[in-house]
file my_file_6.pdb (PDB, C-alpha atoms, pLDDT in the B column)
ATOM      1  CA  MET A   1     -35.990   1.267 -27.111  1.00 75.00           C
ATOM      2  CA  SER A   2     -34.023  -1.645 -28.527  1.00 79.00           C
ATOM      3  CA  ARG A   3     -30.481  -2.367 -27.382  1.00 78.00           C
ATOM      4  CA  SER A   4     -29.006  -1.798 -30.820  1.00 84.00           C
ATOM      5  CA  ALA A   5     -30.821   1.523 -31.255  1.00 87.00           C
ATOM      6  CA  ALA A   6     -29.590   2.742 -27.855  1.00 89.00           C
ATOM      7  CA  ILE A   7     -26.023   1.770 -28.740  1.00 91.00           C
ATOM      8  CA  LYS A   8     -26.191   3.405 -32.187  1.00 93.00           C
ATOM      9  CA  ILE A   9     -27.681   6.630 -30.817  1.00 94.00           C
ATOM     10  CA  SER A  10     -25.064   6.811 -28.060  1.00 95.00           C
ATOM     11  CA  LEU A  11     -22.237   6.153 -30.523  1.00 96.00           C
ATOM     12  CA  GLY A  12     -23.570   8.704 -33.013  1.00 96.00           C
ATOM     13  CA  LEU A  13     -24.064  11.412 -30.393  1.00 95.00           C
ATOM     14  CA  GLY A  14     -20.613  10.669 -28.978  1.00 96.00           C
ATOM     15  CA  LEU A  15     -18.984  11.067 -32.380  1.00 97.00           C
ATOM     16  CA  VAL A  16     -20.840  14.353 -32.922  1.00 96.00           C
ATOM     17  CA  TYR A  17     -19.627  15.685 -29.552  1.00 96.00           C
ATOM     18  CA  LEU A  18     -16.046  14.601 -30.333  1.00 97.00           C
ATOM     19  CA  LEU A  19     -16.233  16.386 -33.682  1.00 96.00           C
ATOM     20  CA  ILE A  20     -17.646  19.540 -32.067  1.00 94.00           C
ATOM     21  CA  GLY A  21     -14.861  19.450 -29.474  1.00 95.00           C
ATOM     22  CA  VAL A  22     -12.181  19.237 -32.153  1.00 97.00           C
ATOM     23  CA  LEU A  23     -13.792  21.882 -34.385  1.00 95.00           C
ATOM     24  CA  GLY A  24     -13.932  24.290 -31.449  1.00 92.00           C
ATOM     25  CA  PHE A  25     -10.123  24.474 -31.477  1.00 94.00           C
ATOM     26  CA  ILE A  26      -9.802  25.212 -35.204  1.00 92.00           C
ATOM     27  CA  PRO A  27      -9.390  28.905 -36.095  1.00 90.00           C
ATOM     28  CA  GLY A  28     -11.688  29.955 -38.904  1.00 91.00           C
ATOM     29  CA  ILE A  29     -14.350  27.457 -37.904  1.00 93.00           C
ATOM     30  CA  THR A  30     -14.393  29.165 -34.519  1.00 91.00           C
ATOM     31  CA  GLN A  31     -14.597  32.909 -34.992  1.00 90.00           C
ATOM     32  CA  PRO A  32     -13.609  35.570 -32.451  1.00 87.00           C
ATOM     33  CA  SER A  33     -16.351  36.798 -30.145  1.00 81.00           C
ATOM     34  CA  SER A  34     -16.921  40.107 -28.380  1.00 79.00           C
ATOM     35  CA  ALA A  35     -16.739  38.253 -25.024  1.00 74.00           C
ATOM     36  CA  PRO A  36     -13.176  37.862 -23.735  1.00 75.00           C
ATOM     37  CA  GLY A  37     -11.772  34.335 -23.982  1.00 76.00           C
ATOM     38  CA  GLN A  38     -14.638  33.091 -26.114  1.00 83.00           C
ATOM     39  CA  GLY A  39     -15.209  32.265 -29.736  1.00 87.00           C
ATOM     40  CA  LEU A  40     -18.238  31.374 -31.819  1.00 90.00           C
ATOM     41  CA  LEU A  41     -18.216  27.894 -33.342  1.00 91.00           C
ATOM     42  CA  LEU A  42     -19.590  28.245 -36.878  1.00 91.00           C
ATOM     43  CA  GLY A  43     -20.291  31.866 -35.922  1.00 89.00           C
ATOM     44  CA  ILE A  44     -23.229  30.731 -33.729  1.00 90.00           C
ATOM     45  CA  PHE A  45     -22.314  28.668 -30.658  1.00 90.00           C
ATOM     46  CA  ALA A  46     -20.269  30.190 -27.825  1.00 87.00           C
ATOM     47  CA  VAL A  47     -17.192  28.094 -27.031  1.00 89.00           C
ATOM     48  CA  ASN A  48     -13.945  28.410 -25.137  1.00 89.00           C
ATOM     49  CA  THR A  49     -11.212  25.971 -24.143  1.00 91.00           C
ATOM     50  CA  VAL A  50     -13.198  24.594 -21.182  1.00 89.00           C
ATOM     51  CA  HIS A  51     -16.279  24.111 -23.359  1.00 89.00           C
ATOM     52  CA  ASN A  52     -14.268  22.369 -26.094  1.00 93.00           C
ATOM     53  CA  LEU A  53     -12.626  20.041 -23.572  1.00 96.00           C
ATOM     54  CA  ALA A  54     -16.048  19.285 -22.075  1.00 93.00           C
ATOM     55  CA  HIS A  55     -17.293  18.289 -25.540  1.00 94.00           C
ATOM     56  CA  LEU A  56     -14.318  15.958 -25.988  1.00 97.00           C
ATOM     57  CA  VAL A  57     -14.875  14.311 -22.589  1.00 97.00           C
ATOM     58  CA  LEU A  58     -18.642  13.943 -23.140  1.00 95.00           C
ATOM     59  CA  GLY A  59     -18.050  12.531 -26.624  1.00 96.00           C
ATOM     60  CA  ALA A  60     -15.513  10.011 -25.347  1.00 97.00           C
ATOM     61  CA  ALA A  61     -17.892   8.969 -22.547  1.00 96.00           C
ATOM     62  CA  LEU A  62     -20.715   8.402 -25.032  1.00 96.00           C
ATOM     63  CA  VAL A  63     -18.492   6.397 -27.387  1.00 97.00           C
ATOM     64  CA  TRP A  64     -17.334   4.263 -24.438  1.00 96.00           C
ATOM     65  CA  ALA A  65     -20.960   3.903 -23.336  1.00 94.00           C
ATOM     66  CA  ALA A  66     -21.798   2.342 -26.697  1.00 93.00           C
ATOM     67  CA  THR A  67     -19.833  -0.800 -25.759  1.00 91.00           C
ATOM     68  CA  THR A  68     -22.674  -2.324 -23.671  1.00 85.00           C
ATOM     69  CA  VAL A  69     -26.285  -1.566 -22.866  1.00 80.00           C
ATOM     70  CA  SER A  70     -25.541  -1.244 -19.159  1.00 83.00           C
ATOM     71  CA  ASN A  71     -22.916   1.405 -20.007  1.00 90.00           C
ATOM     72  CA  VAL A  72     -25.377   3.119 -22.347  1.00 92.00           C
ATOM     73  CA  ARG A  73     -27.993   3.315 -19.619  1.00 91.00           C
ATOM     74  CA  LEU A  74     -25.593   4.514 -16.915  1.00 93.00           C
ATOM     75  CA  VAL A  75     -23.688   7.098 -18.960  1.00 95.00           C
ATOM     76  CA  ASN A  76     -26.755   8.517 -20.714  1.00 94.00           C
ATOM     77  CA  ARG A  77     -28.595   8.886 -17.407  1.00 95.00           C
ATOM     78  CA  GLY A  78     -25.594  10.702 -15.943  1.00 95.00           C
ATOM     79  CA  LEU A  79     -25.246  12.955 -18.964  1.00 95.00           C
ATOM     80  CA  ALA A  80     -28.966  13.724 -18.911  1.00 96.00           C
ATOM     81  CA  ALA A  81     -28.407  15.093 -15.397  1.00 96.00           C
ATOM     82  CA  VAL A  82     -25.393  17.106 -16.583  1.00 93.00           C
ATOM     83  CA  PHE A  83     -27.359  18.559 -19.506  1.00 93.00           C
ATOM     84  CA  ALA A  84     -30.276  19.395 -17.180  1.00 94.00           C
ATOM     85  CA  VAL A  85     -27.903  21.372 -14.939  1.00 90.00           C
ATOM     86  CA  LEU A  86     -26.439  23.138 -17.992  1.00 87.00           C
ATOM     87  CA  VAL A  87     -29.863  24.076 -19.337  1.00 89.00           C
ATOM     88  CA  ILE A  88     -31.073  25.380 -15.983  1.00 88.00           C
ATOM     89  CA  GLY A  89     -27.747  27.135 -15.342  1.00 84.00           C
ATOM     90  CA  SER A  90     -27.754  28.784 -18.750  1.00 82.00           C
ATOM     91  CA  LEU A  91     -31.218  30.167 -18.103  1.00 79.00           C
ATOM     92  CA  VAL A  92     -30.026  31.631 -14.791  1.00 78.00           C
ATOM     93  CA  ALA A  93     -26.671  32.968 -16.010  1.00 70.00           C
ATOM     94  CA  PRO A  94     -25.302  33.076 -19.576  1.00 57.00           C
ATOM     95  CA  ILE A  95     -21.874  31.889 -18.422  1.00 53.00           C
ATOM     96  CA  VAL A  96     -21.765  28.994 -15.962  1.00 52.00           C
ATOM     97  CA  GLU A  97     -18.415  28.706 -14.158  1.00 54.00           C
ATOM     98  CA  GLY A  98     -16.152  29.476 -17.081  1.00 59.00           C
ATOM     99  CA  VAL A  99     -18.048  27.488 -19.723  1.00 66.00           C
ATOM    100  CA  ALA A 100     -19.186  29.698 -22.568  1.00 71.00           C
ATOM    101  CA  ILE A 101     -22.919  29.185 -23.137  1.00 77.00           C
ATOM    102  CA  ASN A 102     -25.323  31.229 -25.274  1.00 81.00           C
ATOM    103  CA  PRO A 103     -28.993  30.656 -26.298  1.00 85.00           C
ATOM    104  CA  PRO A 104     -28.137  28.413 -29.293  1.00 89.00           C
ATOM    105  CA  ASP A 105     -25.996  26.277 -26.926  1.00 87.00           C
ATOM    106  CA  THR A 106     -28.915  26.056 -24.526  1.00 88.00           C
ATOM    107  CA  GLY A 107     -31.135  24.749 -27.329  1.00 92.00           C
ATOM    108  CA  LEU A 108     -28.593  22.086 -28.274  1.00 92.00           C
ATOM    109  CA  HIS A 109     -28.080  21.145 -24.633  1.00 91.00           C
ATOM    110  CA  MET A 110     -31.855  20.764 -24.276  1.00 95.00           C
ATOM    111  CA  ALA A 111     -31.929  18.486 -27.334  1.00 95.00           C
ATOM    112  CA  SER A 112     -29.002  16.493 -25.899  1.00 95.00           C
ATOM    113  CA  LEU A 113     -30.850  16.255 -22.576  1.00 95.00           C
ATOM    114  CA  LEU A 114     -33.905  14.799 -24.298  1.00 96.00           C
ATOM    115  CA  VAL A 115     -31.859  12.294 -26.331  1.00 95.00           C
ATOM    116  CA  THR A 116     -29.646  11.132 -23.449  1.00 94.00           C
ATOM    117  CA  ALA A 117     -32.628  10.849 -21.091  1.00 94.00           C
ATOM    118  CA  ALA A 118     -34.573   8.821 -23.658  1.00 93.00           C
ATOM    119  CA  VAL A 119     -31.629   6.491 -24.262  1.00 92.00           C
ATOM    120  CA  GLY A 120     -30.719   6.234 -20.582  1.00 90.00           C
ATOM    121  CA  PHE A 121     -34.211   5.512 -19.332  1.00 90.00           C
ATOM    122  CA  MET A 122     -35.748   3.663 -22.262  1.00 87.00           C
ATOM    123  CA  ALA A 123     -32.980   1.266 -23.313  1.00 78.00           C
ATOM    124  CA  THR A 124     -33.675  -2.364 -22.508  1.00 71.00           C
ATOM    125  CA  ARG A 125     -31.854  -3.786 -19.481  1.00 66.00           C
ATOM    126  CA  ARG A 126     -30.220  -6.894 -20.980  1.00 57.00           C
ATOM    127  CA  GLN A 127     -26.469  -6.844 -21.655  1.00 47.00           C
ATOM    128  CA  ALA A 128     -25.350  -6.599 -25.264  1.00 44.00           C
ATOM    129  CA  VAL A 129     -21.736  -6.210 -26.326  1.00 48.00           C
ATOM    130  CA  LEU A 130     -21.047  -4.144 -29.422  1.00 48.00           C
ATOM    131  CA  ALA A 131     -19.410  -6.507 -31.892  1.00 43.00           C
TER
END
call {"tool": "encode", "arguments": {"input": "my_file_6.pdb", "output": "C-alpha cells"}}
result
Amino acid sequence: MSRSAAIKISLGLGLVYLLIGVLGFIPGITQPSSAPGQGLLLGIFAVNTVHNLAHLVLGAALVWAATTVSNVRLVNRGLAAVFAVLVIGSLVAPIVEGVAINPPDTGLHMASLLVTAAVGFMATRRQAVLA
C-alpha cells in the first residue's frame, strides 16, 4: 500500500470515528434503547457515553496517525488489536465492560479491524510527512 493511500485511509477513518463520536451525543440521532444507559445511534448501533468517548479518542488517534507513515503503521496496528479484542469480546458477551455493543457494532468493528490491519501492516516503511 502506498504511503499516501495509507495516510488518506487513516485520516478518512479517523474523521468518520470523530463524527460518530459526536453524533452519539446528539438526542434524536441517538434514540433511547430498552437497555439502561444505552441509546441507538441512527436507531441501529448501541452506544453510551463510554462508547461515544471511545469513538472520539480512536478518531483523534487516527487523525494524528495520518501525520506520518510511521505513525500510521503504529497506530493502525494498535487499533487493529483493539478492534480484534472488541470483536471477540462482543461475540462472548454483548456488553464488554460498560461499552454498549450489539451485532451491527460487531460488524463495523470487524470492518474497522480489517481496514486498520491492512493499513498498519501493508503501508510502506519510509517516512512521509503530510503536507
call {"tool": "atom_distance", "arguments": {"input": "my_file_6.pdb", "atom1": "atom CA of Gly43 of chain A", "atom2": "atom CA of Ile29 of chain A"}}
result
7.7 Å
call {"tool": "resolve_selection", "arguments": {"input": "my_file_6.pdb", "expression": "the PyMOL selection byres ((chain A and resi 31) around 12)", "output": "ChimeraX atom specification"}}
result
/A:23-30,32-35,37-48
call {"tool": "resolve_selection", "arguments": {"input": "my_file_6.pdb", "expression": "the PyMOL selection byres ((chain A and resi 79) around 10)", "output": "list in words"}}
result
Leu58, Ala61, Leu62, Leu74, Val75, Asn76, Arg77, Gly78, Ala80, Ala81, Val82, Phe83, Ala84, Val85, Ser112, Leu113, Val115, Thr116, Ala117 and Gly120 of chain A
call {"tool": "resolve_selection", "arguments": {"input": "my_file_6.pdb", "expression": "the PyMOL selection byres ((chain A and resi 55) around 8)", "output": "number ranges by chain"}}
result
A: 17-18, 20-21, 51-54, 56-59
call {"tool": "write_last_selection", "arguments": {"input": "my_file_6.pdb", "atoms": "C-alpha atoms", "output": "CSV table (one decimal), in the coordinates of the input"}}
result
chain,number,residue,atom,x,y,z
A,17,TYR,CA,-19.6,15.7,-29.6
A,18,LEU,CA,-16.0,14.6,-30.3
A,20,ILE,CA,-17.6,19.5,-32.1
A,21,GLY,CA,-14.9,19.4,-29.5
A,51,HIS,CA,-16.3,24.1,-23.4
A,52,ASN,CA,-14.3,22.4,-26.1
A,53,LEU,CA,-12.6,20.0,-23.6
A,54,ALA,CA,-16.0,19.3,-22.1
A,56,LEU,CA,-14.3,16.0,-26.0
A,57,VAL,CA,-14.9,14.3,-22.6
A,58,LEU,CA,-18.6,13.9,-23.1
A,59,GLY,CA,-18.0,12.5,-26.6
call {"tool": "atom_distance", "arguments": {"input": "my_file_6.pdb", "atom1": "atom CA of Ala6 of chain A", "atom2": "atom CA of Val119 of chain A"}}
result
5.6 Å
call {"tool": "closest_residue", "arguments": {"input": "my_file_6.pdb", "among": "A:Leu91, A:Val63, A:Ala123, A:Leu13", "to": "Pro104 of chain A", "atoms": "only C-alpha atoms"}}
result
A:Leu91
call {"tool": "closest_residue", "arguments": {"input": "my_file_6.pdb", "among": "A:Val16, A:Val50, A:Ala60, A:Ala66", "to": "Ser4 of chain A", "atoms": "only C-alpha atoms"}}
result
A:Ala66
call {"tool": "axis_aligned_box", "arguments": {"input": "my_file_6.pdb", "around": "segment 78-82 of chain A", "padding_each_side": "5 Å", "output": "JSON"}}
result
{"center_x": -27.1, "center_y": 13.9, "center_z": -17.2, "size_x": 13.7, "size_y": 16.4, "size_z": 13.6}
call {"tool": "atom_distance", "arguments": {"input": "my_file_6.pdb", "atom1": "atom CA of Asp105 of chain A", "atom2": "atom CA of Arg3 of chain A"}}
result
29.0 Å
call {"tool": "closest_residue", "arguments": {"input": "my_file_6.pdb", "among": "A:Pro103, A:Ser90, A:Thr68, A:Met110", "to": "Thr124 of chain A", "atoms": "only C-alpha atoms"}}
result
A:Thr68
call {"tool": "closest_residue", "arguments": {"input": "my_file_6.pdb", "among": "A:Val72, A:Leu86, A:Leu114, A:Met1", "to": "Ala100 of chain A", "atoms": "all atoms listed in the file"}}
result
A:Leu86
call {"tool": "closest_residue", "arguments": {"input": "my_file_6.pdb", "among": "A:Val69, A:Ile101, A:Thr49, A:His109", "to": "Val87 of chain A", "atoms": "all atoms listed in the file"}}
result
A:His109
call {"tool": "closest_residue", "arguments": {"input": "my_file_6.pdb", "among": "A:Ser2, A:Leu11, A:Met122, A:Val22", "to": "Arg73 of chain A", "atoms": "only C-alpha atoms"}}
result
A:Met122
